file start.txt (compact mmCIF, C-alpha atoms)
# COMPACT_ATOMS: atom_id res chain seq x y z
CA MET A 1 0.00 0.00 0.00
CA SER A 2 2.83 2.41 0.85
CA ALA A 3 4.29 1.84 -2.65
CA GLN A 4 0.95 2.83 -4.18
CA LEU A 5 0.82 5.92 -1.95
CA LEU A 6 4.25 6.94 -3.19
CA GLU A 7 3.18 6.55 -6.84
CA ALA A 8 0.04 8.59 -6.12
CA PHE A 9 2.16 11.31 -4.51
CA LEU A 10 4.55 11.34 -7.48
CA ALA A 11 1.60 11.59 -9.88
CA ARG A 12 0.43 14.69 -7.97
CA LEU A 13 3.94 16.09 -7.82
CA TYR A 14 4.36 15.72 -11.58
CA THR A 15 1.04 17.38 -12.37
CA ASP A 16 0.46 20.03 -9.68
CA ALA A 17 2.74 23.09 -9.76
CA ARG A 18 1.46 24.39 -6.40
CA LEU A 19 2.24 21.08 -4.72
CA ARG A 20 5.74 21.25 -6.21
CA GLU A 21 6.20 24.70 -4.65
CA ARG A 22 5.10 23.49 -1.23
CA PHE A 23 7.23 20.37 -1.61
CA ARG A 24 10.29 22.42 -2.51
CA ALA A 25 9.79 24.47 0.68
CA ASP A 26 9.31 21.42 2.91
CA PRO A 27 9.91 18.08 1.14
CA ARG A 28 9.77 15.86 4.19
CA GLY A 29 6.72 17.61 5.68
CA GLU A 30 4.76 17.55 2.43
CA ALA A 31 5.55 13.87 1.88
CA ALA A 32 4.56 13.06 5.46
CA ARG A 33 1.25 14.89 5.01
CA ALA A 34 0.60 12.59 2.03
CA GLY A 35 0.89 9.64 4.41
CA LEU A 36 4.23 8.35 3.12
CA HIS A 37 6.46 6.13 5.17
CA PRO A 38 9.27 8.00 6.99
CA GLU A 39 11.85 6.21 4.82
CA GLN A 40 10.06 7.37 1.65
CA CYS A 41 9.90 10.90 3.08
CA ARG A 42 13.65 10.83 3.68
CA SER A 43 14.39 9.55 0.19
CA LEU A 44 12.24 12.30 -1.35
CA GLU A 45 14.46 14.91 0.26
CA GLN A 46 17.17 13.69 -2.11
CA ILE A 47 14.95 14.14 -5.17
CA ASP A 48 16.52 15.08 -8.48
CA TRP A 49 15.21 18.69 -8.42
CA PRO A 50 16.26 19.76 -11.94
CA GLY A 51 14.89 16.48 -13.28
CA LEU A 52 11.61 17.04 -11.44
CA GLU A 53 11.04 20.42 -13.09
CA ALA A 54 12.07 19.11 -16.52
CA ALA A 55 9.85 16.04 -16.21
CA ALA A 56 6.87 18.06 -14.95
CA ALA A 57 7.22 20.48 -17.89
CA SER A 58 7.45 17.57 -20.33
CA PHE A 59 4.39 15.83 -18.84
CA GLU A 60 2.40 19.07 -19.02
CA LYS A 61 3.24 19.45 -22.69
CA LYS A 62 2.15 15.88 -23.33
CA ARG A 63 -1.12 16.35 -21.45
CA ARG A 64 -1.86 19.37 -23.61
CA ARG A 65 -1.34 17.19 -26.69
CA LYS A 66 -3.60 14.58 -25.04
CA GLN A 67 -2.10 11.38 -26.39
CA PRO A 68 1.08 10.08 -24.76
CA ARG A 69 3.74 8.49 -26.94
CA GLY A 70 6.59 6.26 -25.89
CA MET B 1 16.17 -19.02 -41.41
CA ALA B 2 14.72 -15.87 -39.84
CA THR B 3 16.64 -12.65 -40.43
CA ASP B 4 16.80 -9.23 -38.84
CA ARG B 5 14.01 -6.88 -39.87
CA VAL B 6 13.60 -3.11 -39.83
CA GLY B 7 10.30 -1.24 -39.91
CA LEU B 8 8.63 2.06 -39.14
CA SER B 9 6.05 3.35 -36.73
CA TRP B 10 2.68 3.61 -38.46
CA ARG B 11 1.43 7.19 -38.53
CA ALA B 12 -1.22 8.69 -40.78
CA GLU B 13 1.33 11.22 -42.06
CA LEU B 14 3.63 8.40 -43.17
CA ALA B 15 1.03 6.04 -44.61
CA ALA B 16 1.37 7.05 -48.27
CA GLY B 17 5.17 6.88 -48.09
CA ILE B 18 5.09 3.48 -46.41
CA PHE B 19 2.77 2.04 -49.06
CA ALA B 20 4.85 3.57 -51.86
CA HIS B 21 8.02 1.97 -50.47
CA ARG B 22 6.54 -1.22 -49.06
CA ASP B 23 9.47 -3.27 -50.43
CA GLN B 24 11.89 -1.38 -48.17
CA ILE B 25 9.90 -1.71 -44.94
CA ASP B 26 9.66 -5.07 -43.21
CA LEU B 27 6.91 -4.24 -40.71
CA VAL B 28 4.98 -1.41 -39.07
CA GLU B 29 4.21 -0.67 -35.43
CA VAL B 30 0.72 0.61 -34.66
CA ILE B 31 -0.19 2.49 -31.47
CA ALA B 32 -2.97 0.48 -29.83
CA GLU B 33 -4.62 3.49 -28.15
CA ASP B 34 -5.17 5.11 -31.56
CA TYR B 35 -7.75 2.38 -32.26
CA PHE B 36 -9.60 1.87 -28.97
CA GLN B 37 -12.36 4.26 -29.96
CA ALA B 38 -11.93 4.04 -33.70
CA PRO B 39 -14.98 3.67 -35.92
CA ALA B 40 -15.51 0.35 -37.66
CA SER B 41 -14.15 1.70 -40.93
CA ARG B 42 -10.76 2.54 -39.36
CA LEU B 43 -10.59 -0.86 -37.72
CA ARG B 44 -11.31 -2.53 -41.06
CA ALA B 45 -8.54 -0.43 -42.61
CA LEU B 46 -6.17 -1.64 -39.90
CA GLU B 47 -7.18 -5.26 -40.59
CA THR B 48 -6.43 -4.67 -44.27
CA LEU B 49 -3.07 -3.15 -43.38
CA ALA B 50 -2.23 -6.20 -41.27
CA ARG B 51 -2.90 -8.44 -44.27
CA GLN B 52 -0.49 -6.43 -46.41
CA ILE B 53 2.45 -5.95 -44.05
CA PRO B 54 3.41 -7.47 -40.69
CA VAL B 55 1.92 -5.38 -37.89
CA VAL B 56 2.89 -5.17 -34.23
CA LEU B 57 0.79 -3.34 -31.63
CA HIS B 58 2.35 -0.92 -29.16
CA GLY B 59 0.46 0.11 -26.03
CA ILE B 60 1.12 3.40 -24.26
CA GLY B 61 -1.67 3.64 -21.71
CA LEU B 62 -1.64 0.60 -19.42
CA GLY B 63 1.14 1.71 -17.10
CA PRO B 64 1.91 -1.80 -15.90
CA ALA B 65 5.10 -0.97 -13.99
CA SER B 66 3.18 -0.01 -10.91
CA ALA B 67 2.48 -1.33 -7.46
CA ALA B 68 -1.19 -0.69 -8.30
CA PRO B 69 -3.18 -3.15 -10.42
CA VAL B 70 -4.05 -2.13 -13.99
CA GLU B 71 -7.83 -1.86 -14.32
CA ASN B 72 -9.52 -4.74 -16.12
CA PHE B 73 -11.28 -2.54 -18.67
CA ARG B 74 -7.90 -1.34 -19.98
CA LEU B 75 -6.69 -4.91 -20.41
CA GLU B 76 -9.96 -6.04 -21.95
CA ARG B 77 -10.03 -3.38 -24.67
CA LEU B 78 -6.44 -4.18 -25.53
CA ALA B 79 -7.33 -7.88 -25.67
CA ARG B 80 -10.22 -7.10 -28.07
CA LEU B 81 -7.90 -5.19 -30.41
CA VAL B 82 -5.22 -7.89 -30.34
CA ASP B 83 -7.88 -10.51 -31.03
CA ARG B 84 -9.13 -8.54 -34.01
CA ILE B 85 -5.80 -7.49 -35.56
CA ARG B 86 -3.69 -10.54 -34.64
CA PRO B 87 -0.38 -8.65 -34.51
CA GLU B 88 2.92 -10.52 -34.55
CA PHE B 89 3.37 -9.30 -30.98
CA TRP B 90 2.21 -6.55 -28.67
CA SER B 91 4.23 -4.39 -26.32
CA GLU B 92 3.91 -1.96 -23.43
CA HIS B 93 6.17 0.26 -21.35
CA LEU B 94 7.80 -0.33 -18.00
CA ALA B 95 6.17 2.83 -16.75
CA PHE B 96 3.32 4.06 -14.61
CA VAL B 97 1.04 6.65 -16.19
CA ARG B 98 -1.41 7.38 -13.35
CA GLY B 99 -1.55 7.24 -9.59
CA GLY B 100 -4.24 7.93 -7.02
CA GLY B 101 -6.69 8.72 -9.81
CA ILE B 102 -4.42 11.34 -11.43
CA GLU B 103 -3.38 10.93 -15.07
CA ILE B 104 0.23 12.00 -15.53
CA GLY B 105 -0.24 12.28 -19.28
CA HIS B 106 2.88 10.40 -20.24
CA LEU B 107 5.15 7.55 -19.28
CA ALA B 108 6.70 8.01 -15.85
CA ALA B 109 9.42 5.89 -14.31
CA PRO B 110 8.20 4.37 -11.05
CA PRO B 111 10.41 3.98 -8.00
CA ARG B 112 12.72 1.07 -8.79
CA THR B 113 11.92 -1.15 -5.83
CA SER B 114 10.89 -4.73 -5.14
CA ALA B 115 7.29 -3.48 -4.80
CA THR B 116 7.21 -2.25 -8.40
CA VAL B 117 8.99 -5.39 -9.64
CA GLU B 118 6.24 -7.48 -8.03
CA GLY B 119 3.48 -5.12 -9.17
CA ALA B 120 4.77 -5.06 -12.75
CA ALA B 121 5.11 -8.84 -12.84
CA GLU B 122 1.56 -9.30 -11.58
CA ASN B 123 0.14 -6.73 -14.02
CA LEU B 124 2.03 -8.28 -16.93
CA ARG B 125 0.91 -11.81 -16.00
CA ARG B 126 -2.72 -10.64 -15.87
CA ALA B 127 -2.28 -8.85 -19.20
CA ALA B 128 -0.78 -11.95 -20.79
CA ALA B 129 -3.61 -14.13 -19.51
CA LEU B 130 -6.34 -11.78 -20.74
CA VAL B 131 -4.76 -10.91 -24.09
CA GLY B 132 -3.59 -14.44 -24.73
CA ALA B 133 0.02 -13.44 -25.41
CA ARG B 134 2.82 -12.07 -23.27
CA PRO B 135 3.80 -8.48 -24.12
CA LEU B 136 7.27 -7.28 -24.87
CA VAL B 137 8.10 -4.62 -22.30
CA GLU B 138 9.99 -1.43 -23.09
CA ASN B 139 12.58 0.48 -21.06
CA ILE B 140 11.52 4.13 -20.90
CA ALA B 141 13.41 7.41 -21.01
CA THR B 142 13.12 9.48 -17.86
CA LEU B 143 14.17 13.08 -17.33
CA ILE B 144 14.06 12.58 -13.57
CA ASP B 145 16.04 9.99 -11.70
CA PRO B 146 13.01 8.06 -10.34
CA PRO B 147 12.45 9.14 -6.73
CA GLY B 148 12.43 6.44 -4.06
CA SER B 149 14.51 4.00 -6.15
CA VAL B 150 16.81 1.47 -4.56
CA MET B 151 17.87 -0.48 -7.67
CA ARG B 152 19.87 0.17 -10.82
CA GLU B 153 17.67 0.44 -13.89
CA SER B 154 19.22 -2.64 -15.52
CA ASP B 155 18.73 -4.79 -12.40
CA TRP B 156 15.15 -3.61 -11.98
CA ILE B 157 14.33 -4.44 -15.62
CA ALA B 158 16.12 -7.80 -15.52
CA GLN B 159 14.14 -8.78 -12.43
CA ILE B 160 10.84 -7.85 -14.09
CA LEU B 161 11.72 -9.82 -17.24
CA THR B 162 12.37 -12.89 -15.13
CA ALA B 163 9.39 -12.48 -12.81
CA ALA B 164 6.91 -11.80 -15.61
CA ASP B 165 8.58 -14.11 -18.15
CA CYS B 166 8.47 -11.31 -20.73
CA ASP B 167 10.99 -10.29 -23.37
CA LEU B 168 12.38 -6.79 -23.71
CA LEU B 169 11.53 -4.17 -26.28
CA LEU B 170 14.85 -2.41 -25.97
CA ASP B 171 14.55 1.28 -26.82
CA LEU B 172 18.09 2.32 -27.65
CA HIS B 173 17.39 6.05 -27.66
CA ASN B 174 15.83 5.74 -24.20
CA LEU B 175 18.92 3.88 -23.08
CA HIS B 176 21.19 6.50 -24.67
CA ALA B 177 19.20 9.34 -23.06
CA ASN B 178 19.10 7.77 -19.59
CA GLY B 179 22.82 7.03 -19.80
CA LEU B 180 23.56 10.67 -20.60
CA ASN B 181 21.02 12.14 -18.18
CA HIS B 182 21.78 9.93 -15.21
CA GLY B 183 25.44 9.21 -15.69
CA TYR B 184 25.81 5.58 -16.61
CA ASP B 185 27.36 3.68 -19.48
CA PRO B 186 24.76 2.09 -21.81
CA ALA B 187 27.24 -0.73 -22.45
CA SER B 188 27.03 -1.74 -18.77
CA PHE B 189 23.24 -1.82 -19.10
CA LEU B 190 23.55 -4.11 -22.15
CA ARG B 191 25.87 -6.42 -20.25
CA ALA B 192 23.38 -6.65 -17.36
CA ILE B 193 20.37 -7.57 -19.53
CA PRO B 194 20.18 -11.12 -20.91
CA ALA B 195 20.71 -10.62 -24.67
CA LYS B 196 18.41 -13.56 -25.43
CA ARG B 197 15.58 -11.59 -23.81
CA ILE B 198 15.76 -8.79 -26.40
CA GLY B 199 12.67 -9.35 -28.50
CA ALA B 200 12.62 -6.09 -30.44
CA ILE B 201 14.34 -2.72 -30.63
CA HIS B 202 13.19 0.88 -30.91
CA LEU B 203 15.26 3.63 -32.50
CA ALA B 204 14.42 7.32 -32.24
CA GLY B 205 15.90 10.76 -31.87
CA GLY B 206 15.61 13.59 -29.40
CA ARG B 207 16.98 16.99 -28.45
CA THR B 208 18.94 18.58 -25.67
CA ILE B 209 16.93 20.80 -23.32
CA PRO B 210 18.27 23.28 -20.78
CA LEU B 211 17.60 22.80 -17.07
CA SER B 212 16.40 25.70 -14.93
CA GLY B 213 19.45 25.62 -12.66
CA GLY B 214 21.98 25.09 -15.45
CA GLY B 215 23.04 21.97 -17.27
CA THR B 216 21.08 20.02 -19.85
CA ARG B 217 19.16 16.78 -20.35
CA LEU B 218 18.42 14.81 -23.48
CA LEU B 219 14.68 14.68 -24.19
CA ASP B 220 13.42 11.63 -26.08
CA ASP B 221 10.92 13.45 -28.29
CA HIS B 222 10.82 11.27 -31.43
CA LEU B 223 11.01 14.45 -33.52
CA HIS B 224 14.62 14.22 -34.68
CA ASP B 225 16.93 11.94 -36.62
CA VAL B 226 18.44 8.92 -34.89
CA PRO B 227 21.88 9.96 -33.55
CA ASP B 228 25.03 8.02 -34.42
CA ALA B 229 25.40 6.83 -30.81
CA VAL B 230 22.14 4.91 -31.13
CA TYR B 231 23.26 3.13 -34.31
CA GLU B 232 26.45 2.20 -32.45
CA LEU B 233 24.34 0.69 -29.67
CA LEU B 234 22.33 -1.21 -32.29
CA GLU B 235 25.57 -2.65 -33.66
CA GLN B 236 26.54 -3.72 -30.13
CA VAL B 237 23.19 -5.44 -29.60
CA ALA B 238 23.47 -7.24 -32.95
CA ALA B 239 26.90 -8.46 -31.87
CA LEU B 240 25.50 -9.75 -28.56
CA ALA B 241 22.09 -11.23 -29.43
CA PRO B 242 21.93 -14.66 -31.04
CA GLN B 243 18.31 -14.35 -32.20
CA PRO B 244 16.93 -12.40 -35.20
CA LEU B 245 16.11 -8.83 -34.22
CA THR B 246 13.09 -6.73 -35.11
CA VAL B 247 13.93 -3.03 -35.22
CA ILE B 248 11.36 -0.22 -35.40
CA LEU B 249 12.20 3.39 -36.17
CA GLU B 250 9.85 5.67 -34.23
CA ARG B 251 8.82 9.11 -35.40
CA ASP B 252 6.01 11.14 -33.84
CA GLY B 253 6.13 14.48 -35.64
CA ASP B 254 8.15 16.98 -37.70
CA TYR B 255 7.97 14.29 -40.35
CA PRO B 256 10.74 14.49 -42.93
CA PRO B 257 10.29 13.22 -46.49
CA ILE B 258 9.90 9.43 -46.51
CA GLU B 259 13.23 9.13 -48.31
CA ARG B 260 15.01 10.45 -45.23
CA LEU B 261 13.27 7.91 -42.99
CA LEU B 262 14.15 5.17 -45.47
CA ALA B 263 17.77 6.30 -45.29
CA GLU B 264 17.56 5.86 -41.50
CA VAL B 265 16.07 2.40 -42.01
CA GLU B 266 19.05 1.58 -44.20
CA LEU B 267 21.49 2.92 -41.58
CA ALA B 268 19.84 0.57 -39.09
CA ARG B 269 20.31 -2.36 -41.48
CA GLU B 270 23.98 -1.44 -41.91
CA ALA B 271 24.45 -1.32 -38.12
CA LEU B 272 22.80 -4.73 -37.83
CA ARG B 273 25.09 -6.14 -40.54
CA ARG B 274 28.18 -4.77 -38.81
CA GLY B 275 27.08 -6.25 -35.49
CA ARG B 276 26.33 -9.64 -37.07
CA GLN B 277 29.77 -9.65 -38.71
CA ARG B 278 31.36 -8.99 -35.32
CA ARG B 279 29.31 -11.79 -33.80
CA ASN B 280 30.29 -14.23 -36.57
CA HIS B 281 33.92 -13.24 -36.21
CA HIS B 282 33.83 -13.88 -32.43
CA GLU B 283 32.10 -17.22 -32.92
CA ARG B 284 34.67 -18.36 -35.49
CA ALA B 285 37.51 -17.22 -33.26
CA ALA B 286 36.02 -19.13 -30.31
CA SER B 287 35.53 -22.41 -32.22
call {"tool": "encode", "arguments": {"input": "start.txt", "output": "structure tokens"}}
result
Amino acid sequence: MSAQLLEAFLARLYTDARLRERFRADPRGEAARAGLHPEQCRSLEQIDWPGLEAAAASFEKKRRRKQPRG
Amino acid sequence: MATDRVGLSWRAELAAGIFAHRDQIDLVEVIAEDYFQAPASRLRALETLARQIPVVLHGIGLGPASAAPVENFRLERLARLVDRIRPEFWSEHLAFVRGGGIEIGHLAAPPRTSATVEGAAENLRRAAALVGARPLVENIATLIDPPGSVMRESDWIAQILTAADCDLLLDLHNLHANGLNHGYDPASFLRAIPAKRIGAIHLAGGRTIPLSGGGTRLLDDHLHDVPDAVYELLEQVAALAPQPLTVILERDGDYPPIERLLAEVELAREALRRGRQRRNHHERAAS
């Protein structure tokens, strides 16, 4: 279940710019508020920040085009 | 004896060119999601296409590499399409595309953990049972080093291949991009994956994008020519893999004239030939 919670949190993080702002200010706190395990919260503090912004921008562009491509 | 084959992604913009040069294209790859809500006439056209040229189906919306189960309706509509078109094989991505009811809109790399290995294996086993054939599963490109990961990408993929008993659709541009973006050597990835498990190969191109804090990443956008580094990886795979390889050149926009895509198809064939020569040379030297 905690693995599914982490995926759900990542899905929000990738799609919600305001959540990303709050997360940047307090990564561990925001992850804890999402119900993540303390170990997951700790690992999210080490997130690849430039990659997060690049990925979120890429996902947004794809959502605008509707159909994902791999 | 079966031989290596090279084909193109099937896109409406390329259809006329593919038909006009059918003798130079061994197969086409069709995006499954493009046909889930298609009218009967488009489905009949796809059936006709599949009678004229080998077709493989490529899924982009299941998101099986997840700790969460893929919903049955997604598997069932894929099963209906496979049953109708009878592709040579079907494939999906080792990605998650939604979580907690939120659609990400594209392929996202899940945390590389034992939970997602087990979740992916279970999802892929269910998919295989419902569709009636195991999918090939594709390594994805990721701009972000997947948060919460505790495994190397190659180990994570190798474990899923074993647990799900699936073969790999090895996307060499994704491998090239991840190697550049996350600092590993694609050759070490190739050594860690059982070469016999490589069922098919994707080639594509991309572009370098700037990062907000400085630096760059390579974006796998399928809008550019295949770079030389990817042909070199194809040659390496052809030198490693004993089985015939099926290679598909992907292009999703900014379509060049068909002649340029055919030239890329030919470059892929040349890379395969070079790799096969290396393999034959090694085998002769070893015997």
call {"tool": "interface_residues", "arguments": {"input": "start.txt", "of": "chain A", "to": "chain B", "cutoff": "10 Å", "atoms": "all atoms listed in the file", "output": "ChimeraX atom specification"}}
result
/A:1-16,39-56,58-70
call {"tool": "atom_distance", "arguments": {"input": "start.txt", "atom1": "atom CA of Pro135 of chain B", "atom2": "atom CA of Gly63 of chain B"}}
result
12.7 Å
call {"tool": "residues_around", "arguments": {"input": "start.txt", "residues": "Arg22 of chain A", "least_positions_apart": "6", "cutoff": "12 Å", "atoms": "all atoms listed in the file", "output": "list in words"}}
result
Leu13, Asp16, Arg28, Gly29, Glu30, Ala31 and Arg33 of chain A
call {"tool": "atom_distance", "arguments": {"input": "start.txt", "atom1": "atom CA of Ala127 of chain B", "atom2": "atom CA of Asn72 of chain B"}}
result
8.9 Å
call {"tool": "residues_around", "arguments": {"input": "start.txt", "residues": "segment 187-191 of chain B", "least_positions_apart": "5", "cutoff": "9 Å", "atoms": "only C-alpha atoms", "output": "ChimeraX atom specification"}}
result
/B:153-155,175,179,233,236-237,240
call {"tool": "atom_distance", "arguments": {"input": "start.txt", "atom1": "atom CA of Leu46 of chain B", "atom2": "atom CA of Ala200 of chain B"}}
result
21.5 Å
call {"tool": "residues_around", "arguments": {"input": "start.txt", "residues": "Leu172 of chain B", "least_positions_apart": "5", "cutoff": "9 Å", "atoms": "all atoms listed in the file", "output": "PyMOL selection string"}}
result
chain B and resi 139+177+186+201-204+230-231+233-234
call {"tool": "residues_around", "arguments": {"input": "start.txt", "residues": "segment 262-264 of chain B", "least_positions_apart": "5", "cutoff": "10 Å", "atoms": "all atoms listed in the file", "output": "list in words"}}
result
Val6, Gly7, Leu8, Gly17, Ile18, His21, Gln24, Ile25, Leu203, Ala204, Asp225, Val226, Pro227, Tyr231, Leu249, Pro257, Arg269 and Glu270 of chain B
call {"tool": "decode", "arguments": {"input": "start.txt", "residues": "segment 253-269 of chain B", "atoms": "N, CA and C atoms", "output": "mmCIF file, in the first residue's frame"}}
result
data_model
loop_
_atom_site.group_PDB
_atom_site.id
_atom_site.type_symbol
_atom_site.label_atom_id
_atom_site.label_comp_id
_atom_site.auth_asym_id
_atom_site.auth_seq_id
_atom_site.Cartn_x
_atom_site.Cartn_y
_atom_site.Cartn_z
ATOM 1 N N GLY B 253 6.449 13.143 -35.174
ATOM 2 C CA GLY B 253 6.133 14.484 -35.641
ATOM 3 C C GLY B 253 7.311 15.070 -36.386
ATOM 4 N N ASP B 254 7.135 16.338 -36.858
ATOM 5 C CA ASP B 254 8.153 16.975 -37.701
ATOM 6 C C ASP B 254 8.626 15.980 -38.761
ATOM 7 N N TYR B 255 7.651 15.396 -39.445
ATOM 8 C CA TYR B 255 7.973 14.293 -40.352
ATOM 9 C C TYR B 255 8.809 14.772 -41.535
ATOM 10 N N PRO B 256 9.937 14.146 -41.749
ATOM 11 C CA PRO B 256 10.740 14.488 -42.933
ATOM 12 C C PRO B 256 10.183 13.743 -44.142
ATOM 13 N N PRO B 257 10.699 14.019 -45.330
ATOM 14 C CA PRO B 257 10.286 13.221 -46.491
ATOM 15 C C PRO B 257 10.569 11.745 -46.221
ATOM 16 N N ILE B 258 9.761 10.871 -46.774
ATOM 17 C CA ILE B 258 9.895 9.434 -46.508
ATOM 18 C C ILE B 258 11.301 8.938 -46.887
ATOM 19 N N GLU B 259 11.888 9.580 -47.888
ATOM 20 C CA GLU B 259 13.226 9.132 -48.313
ATOM 21 C C GLU B 259 14.239 9.249 -47.160
ATOM 22 N N ARG B 260 14.062 10.288 -46.336
ATOM 23 C CA ARG B 260 15.007 10.446 -45.226
ATOM 24 C C ARG B 260 14.796 9.360 -44.169
ATOM 25 N N LEU B 261 13.530 8.998 -43.947
ATOM 26 C CA LEU B 261 13.270 7.909 -42.994
ATOM 27 C C LEU B 261 13.789 6.588 -43.548
ATOM 28 N N LEU B 262 13.635 6.405 -44.854
ATOM 29 C CA LEU B 262 14.153 5.168 -45.469
ATOM 30 C C LEU B 262 15.675 5.114 -45.373
ATOM 31 N N ALA B 263 16.305 6.271 -45.457
ATOM 32 C CA ALA B 263 17.771 6.301 -45.290
ATOM 33 C C ALA B 263 18.132 5.889 -43.862
ATOM 34 N N GLU B 264 17.305 6.290 -42.888
ATOM 35 C CA GLU B 264 17.561 5.860 -41.501
ATOM 36 C C GLU B 264 17.331 4.357 -41.345
ATOM 37 N N VAL B 265 16.315 3.855 -42.023
ATOM 38 C CA VAL B 265 16.070 2.402 -42.013
ATOM 39 C C VAL B 265 17.305 1.677 -42.554
ATOM 40 N N GLU B 266 17.876 2.216 -43.616
ATOM 41 C CA GLU B 266 19.055 1.581 -44.203
ATOM 42 C C GLU B 266 20.265 1.675 -43.264
ATOM 43 N N LEU B 267 20.400 2.808 -42.566
ATOM 44 C CA LEU B 267 21.494 2.923 -41.582
ATOM 45 C C LEU B 267 21.340 1.868 -40.480
ATOM 46 N N ALA B 268 20.088 1.610 -40.112
ATOM 47 C CA ALA B 268 19.838 0.569 -39.094
ATOM 48 C C ALA B 268 20.258 -0.798 -39.637
ATOM 49 N N ARG B 269 19.919 -1.052 -40.900
ATOM 50 C CA ARG B 269 20.308 -2.358 -41.484
ATOM 51 C C ARG B 269 21.834 -2.486 -41.536
#
